[in-house]
2 protein chains.
Amino acid sequence: MTTRITVLGLGKTGISIGLALEDAKKGVLRTGFDEDKELKNLAKKTKAFDEYPSNITDAIKQADIIVLDLPVDRLRTVFITVAPTMKPNSILINMSPLVKASSKWAEELLPKNVHFISAIPAFSYESMEDVNKEPRNARADLFTKSMMFIAGDAKIRKEVIDVVVDFAVLLGATPYFTDLDEVEGLIANVILLPQLAAAALASSTMLQPGWDDNQRLAGNIFHLALKPLELVNETEDYGISILQNKQNILPILEKFIAVLQHIQRLVIDEDSEGLKDLLTDILLTRKEWLDKRKEGKWNYYLSSSIPLKQDALKRFSNFSS
Amino acid sequence: MTTRITVLGLGKTGISIGLALEDAKKGVLRTGFDEDKELKNLAKKTKAFDEYPSNITDAIKQADIIVLDLPVDRLRTVFITVAPTMKPNSILINMSPLVKASSKWAEELLPKNVHFISAIPAFSYESMEDVNKEPRNARADLFTKSMMFIAGDAKIRKEVIDVVVDFAVLLGATPYFTDLDEVEGLIANVILLPQLAAAALASSTMLQPGWDDNQRLAGNIFHLALKPLELVNETEDYGISILQNKQNILPILEKFIAVLQHIQRLVIDEDSEGLKDLLTDILLTRKEWLDKRKEGKWNYYLSSSIPLKQDALKRFSNFSS
């Protein structure tokens with residue numbers, strides 16, 4: 001038996017999914033689709049997929065699983081496009097960092113006989129220094145030894161969760177099933193807050209009168225600090241992922257401002273010990289995190305239900321919607 | 001005639017200076033020194049310098065120019081070390097982002113018959129995506145088509161400025177002579193504020209109760225957002241460059257917090273147009289900046305006194321203290 005997986009959107013994540021499933025080829029048929037010819041050619045060149053249909057309908061009509069590597073402001077449009085053609089009982093997996101709104105849109109726009117679920121990847125330690133999301137940074141080990149957060153709405157069925165858990169295992173990730181609220185909280189802390197901090201940094205420098213002068217010295221450090229803006233998950237309707245996650249973002253933003261006011265106080269008081277202690281604490285905690293990320297042992301957080309790769313493949317290749 | 005240049009500290013910048021002066025070899029003798037054997041060997045391997053003395057006294061006693069690629073919290077110690085051995089009329093050039101305090105320390109600790117000046121490089125467009133300051137990222141074109149801000153105290157002599165202008169030209173940079181206050185303002189905006197923003201981001205996530213959960217999803221975006229902390233310019237006494245630049249940092253920090261409160265308001269009001277406009281504005285301004293940085297044409301800011309490379313070399317190689 002063969003399970004047909006179609007990836008829509010051949011960015012860094014999309015192509016990496018194809019590459020990561022190379023080992024699962026005997027049970028999986030990989031289809032890749034993107035309207036951008038350049039991306040399609042890049043995917044072909046790296047042999048990320050088995051098939052490259054020329055239109056989206058051909059790409060999805062036989063798919064058991066459709067995986068979306070799309071900007072959040074494209075999700076609704078794509079739901080509308082795929083809705084009439086999706087196979088009954090097939091699964092649509094969202095990997096973009098917007099889980100509650102996308103679930104709501106799926107409920108509204110997709111037929112009742114298909115399943116929708118989010119699987120948010122943390123990405124591998126090795127990819128953490130990628131300074132851009134260029135598709136040529138795609139790699140088979142993009143998900144290795146890192147967590148994948150799987151969450152659906154209240155009526156998501158166990159069989160569907162099992163299939164997505166198997167999918168995560170085949171990608172090399174450590175699957176973790178949780179609820180939409182928890183995933184939204186995580187996203188707000190480690191994806192959206194960095195973007196808002198970068199936006200505020202840009203706004204308080206670039207959009208100020210002194211910028212004509214300041215931009216001449218702005219270099220490496222400044223550029224990296226603004227990188228989260230480039231990795232933002234909208235192509236045009238910027239801010240959607242923030243406003244849709246308002247409930248989590250607001251208290252986090254409040255905390256961020258409070259911390260800045262604390263730092264401001266340390267500087268006003270010339271409290272060199274206090275500032276040094278804070279920075280030392282941060283640098284140590286950051287090092288611990290990077291060590292833990294590198295080791296990639298997250299199992300102690302999880303139930304004992306993660307399947308071995310061969311079992312996942314066996315079960316997975318028998319899933320046919 | 002030959003001008004002897006000694007670089008103390010063989011990090012990315014230090015080794016790059018040696019490499020960048022390769023073309024000036026007939027007029028310049030390059031000496032490299034670092035107590036770290038590994039860095040010295042790396043410099044040797046890349047043929048960045050002509051001589052590698054085994055102790056600091058040998059490295060500096062004949063030097064006409066000493067260039068410092070050092071963390072800010074090492075400056076005072078090194079001033080004390082080099083003071084008794086510096087050649088009369090020689091020039092000590094600081095490249096670390098702390099100019100007023102270092103000038104004050106130089107006044108206090110160096111002999112009266114030597115000169116002290118800061119030359120703060122912006123670094124080349126090509127190096128702006130370097131995610132770390134590892135010495136193996138050293139390159140001959142690290143200063144190409146980017147500005148170098150030269151500043152000394154009120155009594156700095158024109159001959160000294162001319163030598164440092166020539167030095168900047170030989171490195172491939174565009175020299176700009178200004179005062180200590182202006183340079184400190186630029187540093188506060190584009191080097192220190194990004195570091196404080198990263199510190200606040202780290203503190204409001206990593207040092208909070210939810211971090212055990214959040215760290216599992218934290219990846220690429222989060223890691224890059226914290227990079228300014230790794231590129232901080234202290235090895236131990238963290239915060240010196242911030243406290244010593246308090247006067248500039250405080251109003252900038254105030255502005256940063258005000259911008260965050262504005263963003264907070266946009267989110268509370270669900271003002272999607274306002275948020276989108278702000279982010280669009282930022283992304284456009286950032287693009288304009290990157291284009292300008294890439295082009296590297298800063299000449300319109302400058303007087304017409306920048307020498308051509310061959311003239312700079314001719315004059316420079318006749319400087320002997």
# chains A, B, ... in the order shown; residues from 1 in each chain; ligands from 1

$ residues_around --residues "Asn137 of chain B" --least-positions-apart "4" --cutoff "12 Å" --atoms "only C-alpha atoms" --output "PyMOL selection string"
chain B and resi 10-16+19+42-43+46+126-133+141-142

$ write_last_selection --atoms "N, CA and C atoms" --output "compact mmCIF listing (two decimals), in the first residue's frame"
# COMPACT_ATOMS: atom_id res chain seq x y z
N LEU B 10 43.26 38.87 17.77
CA LEU B 10 43.09 38.30 16.43
C LEU B 10 41.73 37.63 16.31
N GLY B 11 40.69 38.43 16.49
CA GLY B 11 39.34 37.95 16.24
C GLY B 11 39.01 38.17 14.76
N LYS B 12 37.73 38.13 14.45
CA LYS B 12 37.28 38.34 13.07
C LYS B 12 37.79 39.66 12.51
N THR B 13 37.65 40.74 13.30
CA THR B 13 38.10 42.05 12.83
C THR B 13 39.62 42.12 12.71
N GLY B 14 40.32 41.64 13.75
CA GLY B 14 41.78 41.71 13.77
C GLY B 14 42.42 40.99 12.59
N ILE B 15 42.00 39.77 12.36
CA ILE B 15 42.56 39.00 11.24
C ILE B 15 42.19 39.66 9.90
N SER B 16 40.96 40.18 9.83
CA SER B 16 40.53 40.84 8.58
C SER B 16 41.40 42.05 8.26
N LEU B 19 44.46 40.80 6.59
CA LEU B 19 44.13 40.36 5.22
C LEU B 19 43.87 41.56 4.31
N LEU B 42 45.41 30.42 13.50
CA LEU B 42 44.45 30.69 12.43
C LEU B 42 44.94 31.86 11.58
N ALA B 43 45.44 32.91 12.24
CA ALA B 43 45.97 34.07 11.52
C ALA B 43 47.15 33.66 10.63
N THR B 46 45.97 31.78 7.52
CA THR B 46 45.38 32.64 6.49
C THR B 46 46.38 33.66 5.96
N GLU B 126 28.48 42.52 2.54
CA GLU B 126 28.65 41.07 2.37
C GLU B 126 28.78 40.33 3.70
N SER B 127 29.23 41.03 4.74
CA SER B 127 29.42 40.35 6.03
C SER B 127 28.20 40.48 6.94
N MET B 128 27.18 41.16 6.45
CA MET B 128 26.06 41.46 7.34
C MET B 128 25.24 40.24 7.75
N GLU B 129 25.35 39.16 7.01
CA GLU B 129 24.60 37.97 7.40
C GLU B 129 25.46 36.96 8.16
N ASP B 130 26.68 37.35 8.53
CA ASP B 130 27.50 36.48 9.38
C ASP B 130 26.76 36.28 10.70
N VAL B 131 26.45 35.04 11.01
CA VAL B 131 25.69 34.83 12.25
C VAL B 131 26.58 34.75 13.49
N ASN B 132 27.86 34.70 13.31
CA ASN B 132 28.71 34.77 14.49
C ASN B 132 30.00 35.50 14.16
N LYS B 133 30.73 35.84 15.23
CA LYS B 133 31.95 36.62 15.02
C LYS B 133 33.17 35.71 15.05
N ASP B 141 37.78 41.63 2.58
CA ASP B 141 36.84 42.71 2.21
C ASP B 141 35.86 43.07 3.33
N LEU B 142 36.24 42.80 4.58
CA LEU B 142 35.32 43.05 5.70
C LEU B 142 34.91 44.53 5.82

$ residues_around --residues "Lys227 of chain A" --least-positions-apart "4" --cutoff "12 Å" --atoms "only C-alpha atoms" --output "ChimeraX atom specification"
/A:129-133,191,194-199,201-202,220-223,231-232 /B:128-129,131,194,220-228,283,286

$ interface_residues --of "chain A" --to "chain B" --cutoff "6 Å" --atoms "only C-alpha atoms" --output "list of chain:residue names"
A:Ala122, A:Met128, A:Leu186, A:Val190, A:Ala200, A:Ser204, A:Asn214, A:Leu217, A:Ala218, A:Gly219, A:Asn220, A:Ile221, A:Phe222, A:Ala225, A:Pro228, A:Tyr238, A:Gly239, A:Phe256, A:Val259, A:Leu260, A:Lys276

$ residues_around --residues "Ile80 of chain B" --least-positions-apart "6" --cutoff "10 Å" --atoms "only C-alpha atoms" --output "mmCIF file with all heavy atoms, in the first residue's frame"
data_model
loop_
_atom_site.group_PDB
_atom_site.id
_atom_site.type_symbol
_atom_site.label_atom_id
_atom_site.label_comp_id
_atom_site.auth_asym_id
_atom_site.auth_seq_id
_atom_site.Cartn_x
_atom_site.Cartn_y
_atom_site.Cartn_z
ATOM 1 N N TRP B 105 40.019 56.812 29.475
ATOM 2 C CA TRP B 105 40.983 55.859 30.021
ATOM 3 C C TRP B 105 42.362 56.052 29.389
ATOM 4 O O TRP B 105 43.385 55.926 30.057
ATOM 5 C CB TRP B 105 40.512 54.420 29.805
ATOM 6 C CG TRP B 105 39.230 54.082 30.514
ATOM 7 C CD1 TRP B 105 38.702 54.720 31.598
ATOM 8 C CD2 TRP B 105 38.312 53.037 30.176
ATOM 9 N NE1 TRP B 105 37.508 54.138 31.967
ATOM 10 C CE2 TRP B 105 37.239 53.091 31.117
ATOM 11 C CE3 TRP B 105 38.256 52.048 29.188
ATOM 12 C CZ2 TRP B 105 36.162 52.214 31.085
ATOM 13 C CZ3 TRP B 105 37.187 51.162 29.158
ATOM 14 C CH2 TRP B 105 36.143 51.256 30.089
ATOM 15 N N ALA B 106 42.379 56.340 28.089
ATOM 16 C CA ALA B 106 43.659 56.555 27.396
ATOM 17 C C ALA B 106 44.366 57.778 27.986
ATOM 18 O O ALA B 106 45.569 57.741 28.263
ATOM 19 C CB ALA B 106 43.420 56.750 25.902
ATOM 20 N N GLU B 108 44.075 58.916 30.882
ATOM 21 C CA GLU B 108 44.506 58.587 32.240
ATOM 22 C C GLU B 108 45.716 57.653 32.259
ATOM 23 O O GLU B 108 46.630 57.824 33.069
ATOM 24 C CB GLU B 108 43.302 57.933 32.952
ATOM 25 C CG GLU B 108 43.539 57.404 34.351
ATOM 26 C CD GLU B 108 42.416 56.435 34.798
ATOM 27 O OE1 GLU B 108 41.300 56.480 34.209
ATOM 28 O OE2 GLU B 108 42.658 55.633 35.700
ATOM 29 N N LEU B 109 45.741 56.690 31.331
ATOM 30 C CA LEU B 109 46.712 55.602 31.469
ATOM 31 C C LEU B 109 47.881 55.618 30.480
ATOM 32 O O LEU B 109 48.918 55.007 30.745
ATOM 33 C CB LEU B 109 45.977 54.247 31.334
ATOM 34 C CG LEU B 109 44.877 53.967 32.374
ATOM 35 C CD1 LEU B 109 44.033 52.771 31.942
ATOM 36 C CD2 LEU B 109 45.502 53.692 33.742
ATOM 37 N N LEU B 110 47.709 56.267 29.330
ATOM 38 C CA LEU B 110 48.785 56.226 28.320
ATOM 39 C C LEU B 110 49.750 57.396 28.514
ATOM 40 O O LEU B 110 49.365 58.446 29.033
ATOM 41 C CB LEU B 110 48.176 56.278 26.913
ATOM 42 C CG LEU B 110 47.264 55.114 26.494
ATOM 43 C CD1 LEU B 110 46.752 55.350 25.075
ATOM 44 C CD2 LEU B 110 47.998 53.770 26.576
#

$ atom_distance --atom1 "atom CA of Ile17 of chain B" --atom2 "atom CA of Thr144 of chain B"
11.3 Å

$ closest_residue --among "B:Ala20, B:Met86, B:Leu171, B:Val160" --to "Lys61 of chain B" --atoms "only C-alpha atoms"
B:Met86

$ atom_distance --atom1 "atom CA of Ser320 of chain A" --atom2 "atom CA of Thr2 of chain A"
7.6 Å

$ select_by_dssp --residues "segment 48-292 of chain A" --states "alpha helix (DSSP H)" --output "mmCIF file with C-alpha atoms, in the first residue's frame"
data_model
loop_
_atom_site.group_PDB
_atom_site.id
_atom_site.type_symbol
_atom_site.label_atom_id
_atom_site.label_comp_id
_atom_site.auth_asym_id
_atom_site.auth_seq_id
_atom_site.Cartn_x
_atom_site.Cartn_y
_atom_site.Cartn_z
ATOM 1 C CA ILE A 56 -3.191 22.250 -8.087
ATOM 2 C CA THR A 57 -6.241 20.078 -8.787
ATOM 3 C CA ASP A 58 -4.082 17.256 -10.139
ATOM 4 C CA ALA A 59 -1.797 17.724 -7.155
ATOM 5 C CA ILE A 60 -4.500 17.164 -4.550
ATOM 6 C CA LEU A 75 -4.420 29.885 4.038
ATOM 7 C CA ARG A 76 -8.027 30.967 3.465
ATOM 8 C CA THR A 77 -7.551 31.231 -0.308
ATOM 9 C CA VAL A 78 -5.985 27.790 -0.481
ATOM 10 C CA PHE A 79 -8.738 26.253 1.668
ATOM 11 C CA ILE A 80 -11.268 27.610 -0.847
ATOM 12 C CA THR A 81 -9.210 26.249 -3.750
ATOM 13 C CA VAL A 82 -8.754 22.721 -2.380
ATOM 14 C CA LYS A 100 -6.819 28.577 16.179
ATOM 15 C CA ALA A 101 -7.806 30.854 13.296
ATOM 16 C CA SER A 102 -6.792 28.257 10.713
ATOM 17 C CA SER A 103 -8.916 25.646 12.503
ATOM 18 C CA LYS A 104 -11.831 28.061 12.443
ATOM 19 C CA TRP A 105 -11.350 28.791 8.742
ATOM 20 C CA ALA A 106 -11.092 25.056 7.992
ATOM 21 C CA GLU A 107 -14.358 24.427 9.838
ATOM 22 C CA GLU A 108 -15.958 27.176 7.769
ATOM 23 C CA LEU A 109 -14.502 26.407 4.338
ATOM 24 C CA LYS A 158 -7.741 9.504 17.255
ATOM 25 C CA GLU A 159 -7.008 7.831 13.893
ATOM 26 C CA VAL A 160 -6.187 11.237 12.415
ATOM 27 C CA ILE A 161 -3.881 12.120 15.295
ATOM 28 C CA ASP A 162 -2.143 8.739 14.905
ATOM 29 C CA VAL A 163 -1.490 9.379 11.218
ATOM 30 C CA VAL A 164 0.017 12.805 11.931
ATOM 31 C CA VAL A 165 2.105 11.375 14.782
ATOM 32 C CA ASP A 166 3.456 8.797 12.313
ATOM 33 C CA PHE A 167 4.113 11.564 9.780
ATOM 34 C CA ALA A 168 6.133 13.519 12.380
ATOM 35 C CA VAL A 169 8.119 10.407 13.285
ATOM 36 C CA LEU A 170 8.896 9.758 9.610
ATOM 37 C CA LEU A 171 10.183 13.341 9.325
ATOM 38 C CA LEU A 180 -4.720 24.622 20.192
ATOM 39 C CA ASP A 181 -4.483 26.957 23.175
ATOM 40 C CA GLU A 182 -1.134 25.614 24.293
ATOM 41 C CA VAL A 183 0.363 25.815 20.802
ATOM 42 C CA GLU A 184 -0.866 29.394 20.384
ATOM 43 C CA GLY A 185 0.807 30.320 23.671
ATOM 44 C CA LEU A 186 4.125 28.809 22.570
ATOM 45 C CA ILE A 187 3.926 30.559 19.188
ATOM 46 C CA LEU A 193 7.229 38.277 20.381
ATOM 47 C CA PRO A 194 10.636 38.221 18.589
ATOM 48 C CA GLN A 195 8.884 39.686 15.539
ATOM 49 C CA LEU A 196 7.199 42.424 17.545
ATOM 50 C CA ALA A 197 10.484 43.225 19.311
ATOM 51 C CA ALA A 198 12.189 43.523 15.919
ATOM 52 C CA ALA A 199 9.353 45.694 14.624
ATOM 53 C CA ALA A 200 9.684 48.006 17.630
ATOM 54 C CA LEU A 201 13.471 48.123 17.185
ATOM 55 C CA ALA A 202 13.062 49.026 13.519
ATOM 56 C CA SER A 203 10.368 51.571 14.249
ATOM 57 C CA TRP A 211 18.047 57.361 10.698
ATOM 58 C CA ASP A 212 19.890 59.108 7.843
ATOM 59 C CA ASP A 213 22.926 59.163 10.116
ATOM 60 C CA ASN A 214 22.369 55.940 12.033
ATOM 61 C CA GLN A 215 21.989 53.793 8.936
ATOM 62 C CA ARG A 216 25.622 54.368 8.006
ATOM 63 C CA LEU A 217 26.864 52.465 11.057
ATOM 64 C CA ASN A 220 25.739 42.917 11.188
ATOM 65 C CA ILE A 221 24.231 43.154 14.718
ATOM 66 C CA PHE A 222 21.414 45.451 13.622
ATOM 67 C CA HIS A 223 20.647 43.320 10.586
ATOM 68 C CA LEU A 224 20.439 40.077 12.575
ATOM 69 C CA ALA A 225 18.257 41.771 15.198
ATOM 70 C CA LYS A 227 15.821 39.105 10.903
ATOM 71 C CA PRO A 228 12.583 37.952 12.609
ATOM 72 C CA LEU A 229 10.817 40.520 10.407
ATOM 73 C CA GLU A 230 12.062 38.802 7.283
ATOM 74 C CA ILE A 240 -2.614 38.697 10.929
ATOM 75 C CA SER A 241 -0.742 36.128 13.014
ATOM 76 C CA ILE A 242 -0.397 38.727 15.785
ATOM 77 C CA LEU A 243 -3.978 39.980 15.842
ATOM 78 C CA LYS A 246 -4.160 38.704 20.576
ATOM 79 C CA GLN A 247 -5.155 36.884 23.749
ATOM 80 C CA ASN A 248 -1.674 35.424 24.213
ATOM 81 C CA ILE A 249 0.306 38.320 22.749
ATOM 82 C CA LEU A 250 -1.036 41.027 25.043
ATOM 83 C CA PRO A 251 0.174 39.665 28.397
ATOM 84 C CA ILE A 252 3.526 38.745 26.813
ATOM 85 C CA LEU A 253 3.930 42.240 25.392
ATOM 86 C CA GLU A 254 3.051 43.642 28.820
ATOM 87 C CA LYS A 255 5.794 41.518 30.403
ATOM 88 C CA PHE A 256 8.287 42.563 27.703
ATOM 89 C CA ILE A 257 7.610 46.254 28.410
ATOM 90 C CA ALA A 258 7.899 45.666 32.165
ATOM 91 C CA VAL A 259 11.307 44.015 31.664
ATOM 92 C CA LEU A 260 12.456 46.970 29.551
ATOM 93 C CA GLN A 261 11.344 49.359 32.265
ATOM 94 C CA HIS A 262 13.336 47.299 34.762
ATOM 95 C CA ILE A 263 16.433 47.564 32.519
ATOM 96 C CA GLN A 264 15.764 51.299 32.138
ATOM 97 C CA ARG A 265 15.779 51.596 35.932
ATOM 98 C CA LEU A 266 19.088 49.688 36.168
ATOM 99 C CA VAL A 267 20.664 52.099 33.658
ATOM 100 C CA ILE A 268 19.260 55.218 35.379
ATOM 101 C CA SER A 272 26.297 47.853 37.144
ATOM 102 C CA GLU A 273 25.995 44.763 39.367
ATOM 103 C CA GLY A 274 22.279 44.429 38.641
ATOM 104 C CA LEU A 275 22.768 44.794 34.891
ATOM 105 C CA LYS A 276 25.725 42.423 34.857
ATOM 106 C CA ASP A 277 23.778 39.830 36.875
ATOM 107 C CA LEU A 278 20.807 40.052 34.518
ATOM 108 C CA LEU A 279 22.961 39.697 31.391
ATOM 109 C CA THR A 280 24.972 36.857 32.947
ATOM 110 C CA ASP A 281 21.752 35.064 33.884
ATOM 111 C CA ILE A 282 20.427 35.456 30.341
ATOM 112 C CA LEU A 283 23.618 34.244 28.691
ATOM 113 C CA LEU A 284 23.752 31.166 30.958
ATOM 114 C CA THR A 285 20.088 30.270 30.382
ATOM 115 C CA ARG A 286 20.578 30.735 26.665
ATOM 116 C CA LYS A 287 23.549 28.372 26.742
ATOM 117 C CA GLU A 288 21.537 25.738 28.657
ATOM 118 C CA TRP A 289 18.769 26.029 26.103
ATOM 119 C CA LEU A 290 21.151 25.646 23.155
ATOM 120 C CA ASP A 291 22.752 22.602 24.816
ATOM 121 C CA LYS A 292 19.343 21.037 25.365
#

$ residues_around --residues "Ala154 of chain A" --least-positions-apart "2" --cutoff "10 Å" --atoms "only C-alpha atoms" --output "PyMOL selection string"
chain A and resi 151-152+156-157+179-180

$ write_last_selection --atoms "all heavy atoms" --output "JSON list (two decimals), in the first residue's frame"
[["chain", "number", "residue", "atom", "x", "y", "z"],
["A", 151, "ALA", "N", -1.89, 19.69, 16.97],
["A", 151, "ALA", "CA", -3.11, 20.10, 17.67],
["A", 151, "ALA", "C", -4.26, 20.28, 16.70],
["A", 151, "ALA", "O", -4.10, 20.81, 15.60],
["A", 151, "ALA", "CB", -2.86, 21.41, 18.43],
["A", 152, "GLY", "N", -5.43, 19.84, 17.12],
["A", 152, "GLY", "CA", -6.63, 20.01, 16.31],
["A", 152, "GLY", "C", -7.77, 20.47, 17.19],
["A", 152, "GLY", "O", -7.60, 20.64, 18.41],
["A", 156, "ILE", "N", -11.38, 16.32, 16.77],
["A", 156, "ILE", "CA", -10.39, 15.60, 15.97],
["A", 156, "ILE", "C", -10.34, 14.13, 16.41],
["A", 156, "ILE", "O", -10.40, 13.82, 17.60],
["A", 156, "ILE", "CB", -8.99, 16.28, 16.08],
["A", 156, "ILE", "CG1", -8.04, 15.73, 15.03],
["A", 156, "ILE", "CG2", -8.40, 16.15, 17.47],
["A", 156, "ILE", "CD1", -8.17, 16.42, 13.71],
["A", 157, "ARG", "N", -10.29, 13.21, 15.42],
["A", 157, "ARG", "CA", -10.37, 11.79, 15.75],
["A", 157, "ARG", "C", -9.00, 11.17, 16.01],
["A", 157, "ARG", "O", -8.01, 11.57, 15.42],
["A", 157, "ARG", "CB", -11.09, 11.05, 14.62],
["A", 157, "ARG", "CG", -12.62, 11.20, 14.74],
["A", 157, "ARG", "CD", -13.30, 11.00, 13.43],
["A", 157, "ARG", "NE", -12.87, 9.74, 12.80],
["A", 157, "ARG", "CZ", -13.21, 9.38, 11.58],
["A", 157, "ARG", "NH1", -13.96, 10.15, 10.84],
["A", 157, "ARG", "NH2", -12.78, 8.23, 11.10],
["A", 179, "ASP", "N", -3.21, 20.82, 22.84],
["A", 179, "ASP", "CA", -4.40, 21.52, 22.35],
["A", 179, "ASP", "C", -4.02, 22.84, 21.68],
["A", 179, "ASP", "O", -2.90, 23.34, 21.83],
["A", 179, "ASP", "CB", -5.42, 21.74, 23.48],
["A", 179, "ASP", "CG", -4.81, 22.48, 24.64],
["A", 179, "ASP", "OD1", -4.32, 23.61, 24.44],
["A", 179, "ASP", "OD2", -4.80, 21.91, 25.75],
["A", 180, "LEU", "N", -4.95, 23.40, 20.96],
["A", 180, "LEU", "CA", -4.72, 24.62, 20.19],
["A", 180, "LEU", "C", -4.25, 25.76, 21.09],
["A", 180, "LEU", "O", -3.36, 26.52, 20.72],
["A", 180, "LEU", "CB", -6.00, 25.02, 19.45],
["A", 180, "LEU", "CG", -6.47, 24.05, 18.35],
["A", 180, "LEU", "CD1", -7.87, 24.45, 17.85],
["A", 180, "LEU", "CD2", -5.49, 24.02, 17.18]]
